[in-house]
Structure formats: C-alpha cells, structure tokens
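Peer 1: mmCIF, C-alpha atoms, file query.cif:
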```cif
data_work
loop_
_atom_site.group_PDB
_atom_site.id
_atom_site.type_symbol
_atom_site.label_atom_id
_atom_site.label_comp_id
_atom_site.auth_asym_id
_atom_site.auth_seq_id
_atom_site.Cartn_x
_atom_site.Cartn_y
_atom_site.Cartn_z
ATOM 1 C CA MET M 1 57.392 27.757 151.276
ATOM 2 C CA ALA M 2 57.091 26.055 154.638
ATOM 3 C CA LEU M 3 54.046 24.081 153.526
ATOM 4 C CA ARG M 4 54.755 20.521 152.479
ATOM 5 C CA ARG M 5 54.698 20.034 148.746
ATOM 6 C CA SER M 6 54.264 16.729 146.993
ATOM 7 C CA GLU M 7 56.876 15.435 144.582
ATOM 8 C CA SER M 8 54.375 15.995 141.795
ATOM 9 C CA THR M 9 53.810 19.606 142.836
ATOM 10 C CA GLU M 10 57.536 20.242 142.918
ATOM 11 C CA ASP M 11 58.112 18.535 139.568
ATOM 12 C CA HIS M 12 55.397 20.666 137.981
ATOM 13 C CA LEU M 13 56.761 23.904 139.448
ATOM 14 C CA GLU M 14 60.273 23.004 138.325
ATOM 15 C CA ARG M 15 59.137 22.358 134.733
ATOM 16 C CA ILE M 16 56.975 25.477 134.664
ATOM 17 C CA GLN M 17 59.965 27.575 135.745
ATOM 18 C CA GLU M 18 62.175 25.999 133.062
ATOM 19 C CA LEU M 19 59.565 26.717 130.379
ATOM 20 C CA VAL M 20 58.970 30.289 131.551
ATOM 21 C CA GLU M 21 62.722 30.933 131.466
ATOM 22 C CA ALA M 22 62.958 29.485 127.955
ATOM 23 C CA LYS M 23 59.756 30.876 126.383
ATOM 24 C CA GLY M 24 58.302 33.454 128.754
ATOM 25 C CA TYR M 25 55.286 31.256 129.569
ATOM 26 C CA ALA M 26 54.290 27.621 130.032
ATOM 27 C CA ARG M 27 51.481 25.624 128.483
ATOM 28 C CA VAL M 28 49.774 22.475 129.707
ATOM 29 C CA SER M 29 50.863 20.569 126.607
ATOM 30 C CA ASP M 30 54.527 21.489 127.146
ATOM 31 C CA ILE M 31 54.483 20.342 130.769
ATOM 32 C CA ALA M 32 52.617 17.149 129.874
ATOM 33 C CA GLU M 33 55.253 16.314 127.291
ATOM 34 C CA ALA M 34 58.153 17.149 129.631
ATOM 35 C CA LEU M 35 56.769 15.050 132.494
ATOM 36 C CA GLY M 36 55.271 12.248 130.404
ATOM 37 C CA LEU M 37 51.771 12.888 131.749
ATOM 38 C CA SER M 38 48.375 13.399 130.167
ATOM 39 C CA ARG M 39 47.218 16.914 129.468
ATOM 40 C CA SER M 40 44.204 16.453 131.746
ATOM 41 C CA THR M 41 46.458 15.403 134.651
ATOM 42 C CA VAL M 42 48.647 18.462 134.141
ATOM 43 C CA SER M 43 45.643 20.734 133.704
ATOM 44 C CA ASN M 44 44.213 19.543 137.026
ATOM 45 C CA MET M 45 47.553 20.129 138.759
ATOM 46 C CA VAL M 46 47.894 23.608 137.254
ATOM 47 C CA ARG M 47 44.432 24.510 138.568
ATOM 48 C CA ARG M 48 45.479 23.275 142.039
ATOM 49 C CA LEU M 49 48.717 25.258 141.810
ATOM 50 C CA ALA M 50 46.715 28.357 140.879
ATOM 51 C CA LYS M 51 44.400 27.861 143.877
ATOM 52 C CA ARG M 52 47.469 27.601 146.134
ATOM 53 C CA GLY M 53 48.806 30.866 144.697
ATOM 54 C CA PHE M 54 51.769 29.412 142.769
ATOM 55 C CA VAL M 55 50.710 30.135 139.173
ATOM 56 C CA ASN M 56 48.835 32.781 137.193
ATOM 57 C CA TYR M 57 46.513 30.585 135.160
ATOM 58 C CA GLU M 58 44.067 31.504 132.459
ATOM 59 C CA ARG M 59 42.239 28.643 130.844
ATOM 60 C CA TYR M 60 43.348 27.931 127.254
ATOM 61 C CA ARG M 61 46.275 30.345 127.548
ATOM 62 C CA GLY M 62 49.829 30.149 128.730
ATOM 63 C CA PHE M 63 50.602 30.742 132.366
ATOM 64 C CA THR M 64 53.432 31.987 134.545
ATOM 65 C CA LEU M 65 54.519 31.631 138.145
ATOM 66 C CA THR M 66 53.422 34.065 140.830
ATOM 67 C CA ALA M 67 56.067 35.607 143.086
ATOM 68 C CA GLU M 68 55.438 32.796 145.583
ATOM 69 C CA GLY M 69 55.645 30.196 142.822
ATOM 70 C CA GLN M 70 58.921 31.715 141.639
ATOM 71 C CA ALA M 71 60.360 31.536 145.167
ATOM 72 C CA VAL M 72 59.422 27.878 145.480
ATOM 73 C CA ALA M 73 60.778 27.101 141.993
ATOM 74 C CA ARG M 74 64.073 28.864 142.820
ATOM 75 C CA HIS M 75 64.396 26.723 145.944
ATOM 76 C CA ILE M 76 63.693 23.549 143.976
ATOM 77 C CA THR M 77 66.179 24.573 141.266
ATOM 78 C CA ARG M 78 68.842 25.397 143.878
ATOM 79 C CA ARG M 79 68.329 22.031 145.575
ATOM 80 C CA HIS M 80 68.518 20.221 142.232
ATOM 81 C CA ARG M 81 71.695 22.087 141.241
ATOM 82 C CA THR M 82 73.332 21.487 144.627
ATOM 83 C CA LEU M 83 72.679 17.750 144.444
ATOM 84 C CA SER M 84 73.870 17.558 140.831
ATOM 85 C CA ASP M 85 77.027 19.480 141.695
ATOM 86 C CA LEU M 86 77.697 17.387 144.797
ATOM 87 C CA LEU M 87 77.269 14.077 142.995
ATOM 88 C CA GLY M 88 79.511 15.320 140.196
ATOM 89 C CA LEU M 89 82.185 16.383 142.669
ATOM 90 C CA LEU M 90 81.912 12.997 144.374
ATOM 91 C CA GLY M 91 82.757 11.365 141.064
ATOM 92 C CA VAL M 92 79.353 9.859 140.289
ATOM 93 C CA GLU M 93 79.058 9.031 136.599
ATOM 94 C CA PRO M 94 77.149 11.759 134.711
ATOM 95 C CA GLU M 95 74.516 9.369 133.362
ATOM 96 C CA ALA M 96 73.644 8.320 136.937
ATOM 97 C CA ILE M 97 73.451 11.836 138.361
ATOM 98 C CA THR M 98 70.099 12.761 136.791
ATOM 99 C CA ASP M 99 68.328 9.654 138.054
ATOM 100 C CA ASP M 100 69.967 9.840 141.476
ATOM 101 C CA VAL M 101 69.042 13.505 141.909
ATOM 102 C CA GLU M 102 65.421 12.748 140.993
ATOM 103 C CA ASP M 103 65.383 9.947 143.573
ATOM 104 C CA ILE M 104 66.987 12.024 146.352
ATOM 105 C CA GLU M 105 65.824 15.607 145.921
ATOM 106 C CA HIS M 106 62.300 15.343 147.323
ATOM 107 C CA HIS M 107 63.425 13.630 150.509
ATOM 108 C CA LEU M 108 66.061 16.032 151.836
ATOM 109 C CA ARG M 109 65.627 18.046 154.986
ATOM 110 C CA PRO M 110 66.579 21.741 154.669
ATOM 111 C CA GLN M 111 69.447 21.351 157.138
ATOM 112 C CA THR M 112 70.880 18.457 155.097
ATOM 113 C CA LEU M 113 70.707 20.566 151.946
ATOM 114 C CA ARG M 114 72.594 23.358 153.725
ATOM 115 C CA VAL M 115 75.365 20.911 154.669
ATOM 116 C CA PHE M 116 75.574 19.709 151.047
ATOM 117 C CA GLU M 117 75.721 23.321 149.824
ATOM 118 C CA SER M 118 78.573 24.000 152.240
ATOM 119 C CA LEU M 119 80.474 20.938 151.076
ATOM 120 C CA VAL M 120 80.094 21.911 147.417
ATOM 121 C CA GLU M 121 81.244 25.457 148.197
ATOM 122 C CA TYR M 122 84.158 24.174 150.303
ATOM 123 C CA TRP M 123 85.410 21.843 147.587
ATOM 124 C CA ARG M 124 85.085 24.562 144.953
ATOM 125 C CA THR M 125 87.082 27.040 147.036
ATOM 126 C CA HIS M 126 89.566 24.388 148.252
ATOM 127 C CA PRO M 127 90.361 22.264 145.179
ATOM 128 C CA ALA M 128 93.299 20.584 146.948
ATOM 129 C CA ALA M 129 90.890 19.213 149.574
ATOM 130 C CA HIS M 130 88.619 17.989 146.810
ATOM 131 C CA ARG M 131 91.537 16.237 145.094
ATOM 132 C CA GLN M 132 92.503 14.669 148.433
ATOM 133 C CA PHE M 133 89.023 13.247 148.790
ATOM 134 C CA LEU M 134 89.029 11.903 145.237
ATOM 135 C CA ASP M 135 92.451 10.321 145.817
ATOM 136 C CA PHE M 136 91.237 8.807 149.087
ATOM 137 C CA HIS M 137 88.064 7.515 147.446
ATOM 138 C CA GLY M 138 90.051 6.101 144.509
ATOM 139 C CA ARG M 139 92.366 4.173 146.845
ATOM 140 C CA ARG M 140 89.408 2.756 148.773
ATOM 141 C CA GLY M 141 87.721 1.621 145.554
ATOM 142 C CA GLU M 142 90.685 -0.517 144.454
#
```
Is it possible to give me this structure as structure tokens?

Peer 2:
Amino acid sequence: MALRRSESTEDHLERIQELVEAKGYARVSDIAEALGLSRSTVSNMVRRLAKRGFVNYERYRGFTLTAEGQAVARHITRRHRTLSDLLGLLGVEPEAITDDVEDIEHHLRPQTLRVFESLVEYWRTHPAAHRQFLDFHGRRGE
C-alpha cells in the first residue's frame, strides 16, 4: 500500500470493491458506466491492476480483488467515509459533500487523515463539543 497510486487507479479500485460487494464480481462494462469511461480505457486499467497484483482478472469474465487489492480498497473506502463524515459534521451541505470529497481525497497525507479520523471520533463520542463547534461556527457565519 505504500506505493503511490494515481487517482485513476484509486477510483477504479474503489468502484471494483463496490461492485464486488454488491454482486460478487466486477465487469469492465460496469466500471466503465460507473466512472463514465470507455470500456477499452477500463480494460487497459484492469490489466495494469492485475499486473500490479490488485485484481484477479480473466479476459471476458468478471474479476475480483486480490487480498492486496482488498486492503487498498478498504483504505480508500475508509478515507472516503472519514472525509464524508467530517464534512457532514462540519455542516457542509450534503449535495456538496460528494464533490468535495472527490476533490480532496486523493491529496491527503496519511497523518492528516488520522487527525480527521480522530476529530470525527471525538465529535461522535462528545456530542456537546460538536454542538459547541456548530454554535460557534453559526455565530461566525452571521
């Protein structure tokens, strides 16, 4: 997981994981539709992911993630969830959260993500502190 991954690689792994969880496998056509890409672009990426050991790929069949691919996908999913939760707790409008998370998620350092995870956990276990922040933020926005 320490190797740098491109945004495209991460987006593909994230979609593959979502499809595998929903259907038990992923297909090139499903990923292409989900990401708004051509099937040939997705097929090329899936072959690269297979060479890097992230997916079990058989041409013309569905594919799944390897153990390493699953670990990377879990990390990506956790990061996505943490950012979505944090933005929601900060009071960002729901329709903006998806776009903001997509813009932010690929550019976070691991230590920054850990701080965000701690803040989300803190606010969830200390709702009075969360309300204080929201009250403070509301007063500043007036």

Peer 1: Closest to M:Thr9 among M:His106, M:Arg74, M:Arg114, M:Arg79, using only C-alpha atoms?

Peer 2: M:His106

Peer 1: Let me make sure I understand: among M:Ser84, M:Glu14, M:Val55, M:Arg48, which one has the smallest atom-to-atom distance to M:Ala34 if we use all atoms listed in the file?

Peer 2: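 Ranked by minimum distance to M:Ala34, first place goes to M:Glu14.
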
Peer 1: Report the distance between atom CA of M:Val92 and atom CA of M:Ile31 in Å, rounded to one decimal place.

Peer 2: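 Value for the atom CA of M:Val92-atom CA of M:Ile31 distance: 28.6 Å.
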
Peer 1: For M:Leu19, work out the shell of residues within 8 Å, counting all atoms listed in the file and skipping chain neighbours fewer than 6 positions away, then give it as a PyMOL selection string.

Peer 2: chain M and resi 25-26+30

Peer 1: Can you turn the PyMOL selection byres ((chain M and resi 35) around 12) into a concrete residue list for this file, as a ChimeraX atom specification?

Peer 2: /M:8-16,28-34,36-39,41-42

Peer 1: Once the PyMOL selection byres ((chain M and resi 64) around 10) has been evaluated on this model, what residues remain selected, and can you format them as a CSV table (one decimal) with C-alpha atoms, keeping the file's coordinate frame?

Peer 2:
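Output file out17.csv is given in full below:
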```
chain,number,residue,atom,x,y,z
M,16,ILE,CA,57.0,25.5,134.7
M,17,GLN,CA,60.0,27.6,135.7
M,19,LEU,CA,59.6,26.7,130.4
M,20,VAL,CA,59.0,30.3,131.6
M,21,GLU,CA,62.7,30.9,131.5
M,24,GLY,CA,58.3,33.5,128.8
M,25,TYR,CA,55.3,31.3,129.6
M,26,ALA,CA,54.3,27.6,130.0
M,27,ARG,CA,51.5,25.6,128.5
M,50,ALA,CA,46.7,28.4,140.9
M,54,PHE,CA,51.8,29.4,142.8
M,55,VAL,CA,50.7,30.1,139.2
M,56,ASN,CA,48.8,32.8,137.2
M,57,TYR,CA,46.5,30.6,135.2
M,58,GLU,CA,44.1,31.5,132.5
M,62,GLY,CA,49.8,30.1,128.7
M,63,PHE,CA,50.6,30.7,132.4
M,65,LEU,CA,54.5,31.6,138.1
M,66,THR,CA,53.4,34.1,140.8
M,67,ALA,CA,56.1,35.6,143.1
M,69,GLY,CA,55.6,30.2,142.8
M,70,GLN,CA,58.9,31.7,141.6
```

Peer 1: Which neighbours of stretch 93-101 of chain M fall inside 10 Å, counting only C-alpha atoms, when residues of the same chain fewer than 2 positions from it are skipped, and could you give them as a short mmCIF file (atom, residue, chain, number, x, y, z; two decimals) with C-alpha atoms, in the coordinates of the input?

Peer 2:
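Result file is result-v5.cif:
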```cif
data_model
loop_
_atom_site.label_atom_id
_atom_site.label_comp_id
_atom_site.auth_asym_id
_atom_site.auth_seq_id
_atom_site.Cartn_x
_atom_site.Cartn_y
_atom_site.Cartn_z
CA ARG M 79 68.33 22.03 145.57
CA HIS M 80 68.52 20.22 142.23
CA ARG M 81 71.69 22.09 141.24
CA THR M 82 73.33 21.49 144.63
CA LEU M 83 72.68 17.75 144.44
CA SER M 84 73.87 17.56 140.83
CA ASP M 85 77.03 19.48 141.70
CA LEU M 86 77.70 17.39 144.80
CA LEU M 87 77.27 14.08 143.00
CA GLY M 88 79.51 15.32 140.20
CA LEU M 90 81.91 13.00 144.37
CA GLY M 91 82.76 11.36 141.06
CA ASP M 103 65.38 9.95 143.57
CA ILE M 104 66.99 12.02 146.35
CA GLU M 105 65.82 15.61 145.92
CA HIS M 106 62.30 15.34 147.32
#
```

Peer 1: Figure out the distance between atom CA of M:Arg139 and atom CA of M:Leu108, please, to one decimal in Å.

Peer 2: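 Calculated distance between atom CA of M:Leu108 and atom CA of M:Arg139 is 29.3 Å.
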
Peer 1: How many Å separate atom CA of M:Ala129 from atom CA of M:Thr112?

Peer 2: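 Result for atom CA of M:Ala129 versus atom CA of M:Thr112: 20.8 Å, one decimal.
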
Peer 1: Please report, as JSON, the centre and edge lengths in Å to one decimal of an axis-aligned box covering all listed atoms of stretch 9-12 of chain M with 5 Å per side.

Peer 2:
```
{"center_x": 56.0, "center_y": 19.6, "center_z": 140.4, "size_x": 14.3, "size_y": 12.1, "size_z": 14.9}
```

Peer 1: Between M:Asp135, M:Thr77, M:Ser6, M:Thr125, single out the one closest to M:Leu49, counting all atoms listed in the file.

Peer 2: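 Counting all atoms listed in the file, the residue closest to M:Leu49 is M:Ser6.
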